[in-house]
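Q: Hey, dropping run-v6.txt in here, compact mmCIF, C-alpha atoms and all ligand atoms:
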```txt
# COMPACT_ATOMS: atom_id res chain seq x y z
CA MET A 1 0.00 0.00 0.00
CA ASN A 2 1.12 3.56 -0.71
CA PRO A 3 2.57 4.88 2.59
CA ASN A 4 0.61 8.14 2.49
CA ARG A 5 -2.60 6.25 1.91
CA GLN A 6 -1.70 3.89 4.77
CA ILE A 7 -1.01 6.81 7.15
CA ILE A 8 -4.35 8.45 6.34
CA GLU A 9 -6.18 5.15 6.83
CA LEU A 10 -4.44 4.52 10.17
CA LEU A 11 -5.40 7.98 11.47
CA ASP A 12 -8.95 7.73 10.11
CA SER A 13 -9.61 4.27 11.49
CA HIS A 14 -8.47 5.41 14.96
CA GLY A 15 -10.52 8.62 14.84
CA LEU A 16 -7.45 10.85 14.96
CA ARG A 17 -7.09 14.22 13.26
CA LYS A 18 -4.62 14.16 10.38
CA THR A 19 -2.22 16.87 11.53
CA PRO A 20 1.15 17.21 9.72
CA ILE A 21 3.12 16.18 12.82
CA ARG A 22 1.04 13.01 13.31
CA ARG A 23 1.49 12.08 9.67
CA GLU A 24 5.21 12.64 9.89
CA ILE A 25 5.61 10.56 13.06
CA LEU A 26 3.59 7.70 11.58
CA LYS A 27 5.69 7.81 8.43
CA LEU A 28 8.81 7.25 10.57
CA PHE A 29 7.20 4.25 12.26
CA LEU A 30 6.30 2.76 8.88
CA GLU A 31 9.83 3.28 7.61
CA HIS A 32 11.48 1.43 10.51
CA ASP A 33 10.95 -2.17 11.54
CA PHE A 34 12.09 -1.49 15.11
CA ALA A 35 10.61 0.56 17.96
CA LEU A 36 11.27 4.31 18.25
CA SER A 37 11.55 6.59 21.28
CA ALA A 38 10.59 10.27 21.39
CA GLY A 39 14.32 11.05 21.16
CA ASP A 40 14.68 8.89 18.03
CA ILE A 41 11.78 10.73 16.45
CA LEU A 42 13.21 14.14 17.35
CA SER A 43 16.51 13.25 15.70
CA LYS A 44 14.91 11.80 12.56
CA ILE A 45 12.09 14.24 11.96
CA THR A 46 12.70 16.76 9.18
CA VAL A 47 10.44 19.54 10.40
CA GLN A 48 11.41 21.32 13.61
CA HIS A 49 9.04 20.47 16.46
CA ASP A 50 9.40 20.80 20.19
CA ARG A 51 9.59 17.78 22.46
CA VAL A 52 6.16 18.42 23.99
CA THR A 53 4.44 18.16 20.61
CA ILE A 54 6.14 14.83 19.91
CA TYR A 55 5.27 13.46 23.37
CA ARG A 56 1.67 14.57 22.98
CA ALA A 57 1.35 12.86 19.61
CA LEU A 58 2.90 9.64 20.97
CA THR A 59 0.60 9.65 24.01
CA SER A 60 -2.44 10.14 21.84
CA PHE A 61 -1.34 7.33 19.47
CA GLU A 62 -0.89 5.04 22.44
CA GLU A 63 -4.29 5.93 23.90
CA HIS A 64 -5.93 5.18 20.57
CA GLY A 65 -4.20 1.83 20.22
CA LEU A 66 -2.02 2.86 17.29
CA LEU A 67 1.24 2.37 19.19
CA HIS A 68 2.27 0.19 22.11
CA ARG A 69 5.21 0.33 24.51
CA ALA A 70 7.83 -2.09 23.22
CA SER A 71 10.67 -1.44 25.68
CA LYS A 72 12.22 1.10 27.99
CA ASP A 73 15.86 2.02 28.44
CA GLY A 74 17.99 5.04 29.37
CA GLN A 75 16.62 6.87 26.32
CA GLY A 76 13.04 6.44 27.51
CA ILE A 77 10.09 4.44 26.26
CA LYS A 78 10.30 2.93 22.81
CA TYR A 79 7.05 2.63 20.91
CA ALA A 80 6.10 0.27 18.12
CA LEU A 81 3.26 0.36 15.64
CA ASP A 82 0.32 -1.78 16.62
CA THR A 83 -0.75 -3.78 13.63
CA SER A 84 -3.61 -5.74 15.22
CA HIS A 85 -6.02 -4.30 12.67
CA TYR A 86 -4.04 -5.87 9.82
CA PRO A 87 -5.86 -8.95 8.53
CA ASP A 88 -2.75 -11.15 8.52
CA LYS A 89 -1.77 -10.29 12.10
CA THR A 90 -4.68 -11.22 14.29
CA ASP A 91 -3.05 -11.45 17.69
CA HIS A 92 -0.49 -8.68 17.72
CA LYS A 93 -1.35 -7.70 21.29
CA MET A 94 0.48 -10.72 22.67
CA HIS A 95 3.96 -10.91 21.30
CA VAL A 96 7.61 -11.10 22.21
CA HIS A 97 9.96 -8.13 22.09
CA PHE A 98 13.59 -8.53 21.17
CA VAL A 99 16.21 -6.02 22.31
CA CYS A 100 19.54 -6.13 20.47
CA ASP A 101 22.69 -5.86 22.61
CA GLU A 102 24.62 -4.29 19.72
CA CYS A 103 22.39 -1.62 18.18
CA HIS A 104 19.89 -1.45 21.08
CA HIS A 105 16.96 -1.56 18.68
CA THR A 106 13.74 -3.19 19.89
CA TYR A 107 11.83 -5.44 17.51
CA CYS A 108 8.31 -6.87 17.79
CA LEU A 109 8.52 -10.59 17.11
CA ASP A 110 4.93 -11.40 16.36
CA THR A 111 5.48 -14.72 14.65
CA ILE A 112 6.53 -16.49 17.84
CA GLU A 113 3.84 -18.19 19.81
CA ILE A 114 3.81 -17.20 23.47
CA PRO A 115 3.59 -20.20 25.78
CA GLU A 116 0.83 -20.14 28.32
CA VAL A 117 2.20 -19.81 31.85
CA LYS A 118 0.31 -21.51 34.66
CA VAL A 119 0.19 -19.30 37.74
CA SER A 120 -0.40 -20.26 41.36
CA PRO A 121 -3.99 -20.52 42.59
CA GLY A 122 -5.40 -17.12 43.53
CA PHE A 123 -3.35 -15.24 40.91
CA SER A 124 -4.77 -14.01 37.65
CA VAL A 125 -2.75 -12.72 34.72
CA ASN A 126 -3.91 -9.75 32.69
CA LYS A 127 -0.63 -8.52 31.29
CA VAL A 128 2.18 -10.48 29.64
CA ASN A 129 5.56 -8.99 28.83
CA TYR A 130 8.23 -11.12 27.20
CA THR A 131 11.49 -9.47 26.29
CA LEU A 132 14.37 -11.38 24.76
CA GLY A 133 17.91 -10.05 24.47
CA GLY A 134 20.59 -10.92 21.94
CA ILE A 135 21.87 -9.93 18.52
CA CYS A 136 19.37 -8.86 15.88
CA LYS A 137 19.31 -9.94 12.23
CA GLU A 138 20.85 -6.68 11.05
CA CYS A 139 23.82 -6.89 13.42
CA ASN A 140 24.29 -10.60 12.74
CA SER A 141 24.51 -9.94 9.01
CA ASP A 142 27.21 -7.26 9.54
CA GLN A 143 29.79 -9.81 10.61
ZN ZN B 201 21.18 -5.04 16.29
ZN ZN B 202 5.59 -4.93 20.03
```
Before anything else, please render the file you have as structure tokens.
Ligand SMILES: [Zn+2]
Ligand SMILES: [Zn+2]
A:
Amino acid sequence: MNPNRQIIELLDSHGLRKTPIRREILKLFLEHDFALSAGDILSKITVQHDRVTIYRALTSFEEHGLLHRASKDGQGIKYALDTSHYPDKTDHKMHVHFVCDECHHTYCLDTIEIPEVKVSPGFSVNKVNYTLGGICKECNSDQ
């Protein structure tokens, strides 16, 4: 799909206004296959925007289910695009995150099946967070 078309559809389907900053941030997420922090966006964005505007856009994307928190490190929270509304990715909500020790990028690994964990009687699980660490495909192919 044409990226501009995709951005407009994403904003429309989540009931978000199509402001230039929102379009630009979404474009960055579509161009990268790893999670991005507010700092990453600030350094990549072509138009000058203040931090607050970026944070506000990210918060509103998260509230509307467009982005999810993929990881957190010294740079802050890294967000990834939520693709649960894509027909070929039905269960994107439950997936593993992979943090690379080399480039520190965070990837959503949504092709791995998450094993069901049995908890002790009296406990109920409503949030699952699996993070794996290692070397990503990009860094592995550099050697
Ligand atoms: Zn890497
Ligand atoms: Zn993810």
Q: Report the distance between atom CA of Glu116 of chain A and atom CA of Ala35 of chain A in Å, rounded to one decimal place.
A: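 If I compute the distance from atom CA of Glu116 of chain A to atom CA of Ala35 of chain A, I get 25.1 Å.
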Q: Neighbours of ligand ZN 201 (chain B) at 10 Å or closer, counting all atoms listed in the file: which residues, as a ChimeraX atom specification?
A: /A:34,98-107,134-142
Q: Just checking: using only C-alpha atoms and all ligand atoms, which residue out of A:Gly122, A:Ser13, A:Leu109, A:Val128 ends up closest to ligand ZN 202 (chain B)?
A: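 Comparing A:Gly122, A:Ser13, A:Leu109, A:Val128 against ligand ZN 202 (chain B), the winner is A:Leu109.
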Q: Just want the residues within 8 Å of ligand ZN 202 (chain B), written as a VMD selection string, counting all atoms listed in the file.
A: chain A and resid 35 68 to 70 79 to 82 92 to 93 95 to 97 107 to 110
Q: From the set A:Ile41, A:Leu67, A:Ile114, A:Leu16, which residue has the shortest atom-to-atom contact distance to Leu28 of chain A, counting all atoms listed in the file?
A: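 Among A:Ile41, A:Leu67, A:Ile114, A:Leu16, it is A:Ile41 that comes nearest to Leu28 of chain A.
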Q: Record the distance separating atom CA of Ile112 of chain A and atom CA of Asn2 of chain A, expressed in Å with one decimal.
A: 27.8 Å
Q: Pick out the residues sitting within 12 Å of Ala57 of chain A, and hand them over as a list in words; count all atoms listed in the file, and ignore anything fewer than 3 positions along from it in its own chain.
A: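 Near neighbours after the sequence-gap exclusion: Leu11, Leu16, Arg17, Lys18, Thr19, Pro20, Ile21, Arg22, Arg23, Glu24, Ile25, Leu26, Ala38, Ile41, His49, Asp50, Arg51, Val52, Thr53, Ile54, Ser60, Phe61, Glu62, Glu63, His64, Leu66, Leu67 and Tyr79 of chain A.
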Q: When you draw a straight line from atom CA of Lys78 of chain A to atom CA of Leu36 of chain A, how long is it in Å?
A: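 Computing the Euclidean distance for atom CA of Lys78 of chain A and atom CA of Leu36 of chain A yields 4.9 Å.
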Q: So which residues touch Pro3 of chain A within 9 Å, counting all atoms listed in the file, skipping near sequence neighbours fewer than 6 positions away, as a VMD selection string?
A: chain A and resid 27 30 to 31
Q: Selected residues, C-alpha atoms, written as a CSV table (one decimal), in the coordinates of the input, please.
A:
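In the end it all went to out27.csv:
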```csv
chain,number,residue,atom,x,y,z
A,27,LYS,CA,5.7,7.8,8.4
A,30,LEU,CA,6.3,2.8,8.9
A,31,GLU,CA,9.8,3.3,7.6
```
Q: N, CA, C and O atoms are needed for segment 53-65 of chain A; please write them out as a PDB file, in the frame of the given file.
A:
```pdb
ATOM      1  N   THR A  53       5.325  18.533  21.709  1.00  0.00           N
ATOM      2  CA  THR A  53       4.440  18.160  20.610  1.00  0.00           C
ATOM      3  C   THR A  53       4.608  16.691  20.249  1.00  0.00           C
ATOM      4  O   THR A  53       3.633  15.983  20.007  1.00  0.00           O
ATOM      5  N   ILE A  54       5.847  16.231  20.236  1.00  0.00           N
ATOM      6  CA  ILE A  54       6.140  14.830  19.910  1.00  0.00           C
ATOM      7  C   ILE A  54       5.542  13.918  20.994  1.00  0.00           C
ATOM      8  O   ILE A  54       4.861  12.942  20.686  1.00  0.00           O
ATOM      9  N   TYR A  55       5.796  14.271  22.260  1.00  0.00           N
ATOM     10  CA  TYR A  55       5.270  13.460  23.370  1.00  0.00           C
ATOM     11  C   TYR A  55       3.751  13.381  23.325  1.00  0.00           C
ATOM     12  O   TYR A  55       3.171  12.329  23.545  1.00  0.00           O
ATOM     13  N   ARG A  56       3.134  14.525  23.034  1.00  0.00           N
ATOM     14  CA  ARG A  56       1.670  14.570  22.980  1.00  0.00           C
ATOM     15  C   ARG A  56       1.136  13.651  21.887  1.00  0.00           C
ATOM     16  O   ARG A  56       0.177  12.924  22.095  1.00  0.00           O
ATOM     17  N   ALA A  57       1.784  13.696  20.730  1.00  0.00           N
ATOM     18  CA  ALA A  57       1.350  12.860  19.610  1.00  0.00           C
ATOM     19  C   ALA A  57       1.522  11.386  19.963  1.00  0.00           C
ATOM     20  O   ALA A  57       0.621  10.571  19.719  1.00  0.00           O
ATOM     21  N   LEU A  58       2.646  11.037  20.597  1.00  0.00           N
ATOM     22  CA  LEU A  58       2.900   9.640  20.970  1.00  0.00           C
ATOM     23  C   LEU A  58       1.879   9.160  21.998  1.00  0.00           C
ATOM     24  O   LEU A  58       1.357   8.051  21.895  1.00  0.00           O
ATOM     25  N   THR A  59       1.577  10.014  22.986  1.00  0.00           N
ATOM     26  CA  THR A  59       0.600   9.650  24.010  1.00  0.00           C
ATOM     27  C   THR A  59      -0.771   9.424  23.378  1.00  0.00           C
ATOM     28  O   THR A  59      -1.451   8.450  23.697  1.00  0.00           O
ATOM     29  N   SER A  60      -1.134  10.286  22.464  1.00  0.00           N
ATOM     30  CA  SER A  60      -2.440  10.140  21.840  1.00  0.00           C
ATOM     31  C   SER A  60      -2.495   8.896  20.944  1.00  0.00           C
ATOM     32  O   SER A  60      -3.494   8.188  20.910  1.00  0.00           O
ATOM     33  N   PHE A  61      -1.404   8.572  20.271  1.00  0.00           N
ATOM     34  CA  PHE A  61      -1.340   7.330  19.470  1.00  0.00           C
ATOM     35  C   PHE A  61      -1.475   6.112  20.373  1.00  0.00           C
ATOM     36  O   PHE A  61      -2.142   5.145  20.022  1.00  0.00           O
ATOM     37  N   GLU A  62      -0.826   6.182  21.527  1.00  0.00           N
ATOM     38  CA  GLU A  62      -0.890   5.040  22.440  1.00  0.00           C
ATOM     39  C   GLU A  62      -2.311   4.870  22.984  1.00  0.00           C
ATOM     40  O   GLU A  62      -2.837   3.762  23.033  1.00  0.00           O
ATOM     41  N   GLU A  63      -2.923   5.976  23.362  1.00  0.00           N
ATOM     42  CA  GLU A  63      -4.290   5.930  23.900  1.00  0.00           C
ATOM     43  C   GLU A  63      -5.282   5.383  22.877  1.00  0.00           C
ATOM     44  O   GLU A  63      -6.256   4.744  23.242  1.00  0.00           O
ATOM     45  N   HIS A  64      -5.024   5.647  21.619  1.00  0.00           N
ATOM     46  CA  HIS A  64      -5.930   5.180  20.570  1.00  0.00           C
ATOM     47  C   HIS A  64      -5.547   3.813  20.010  1.00  0.00           C
ATOM     48  O   HIS A  64      -6.098   3.380  19.001  1.00  0.00           O
ATOM     49  N   GLY A  65      -4.563   3.180  20.626  1.00  0.00           N
ATOM     50  CA  GLY A  65      -4.200   1.830  20.220  1.00  0.00           C
ATOM     51  C   GLY A  65      -3.425   1.743  18.916  1.00  0.00           C
ATOM     52  O   GLY A  65      -3.390   0.700  18.265  1.00  0.00           O
TER      53      GLY A  65
END
```
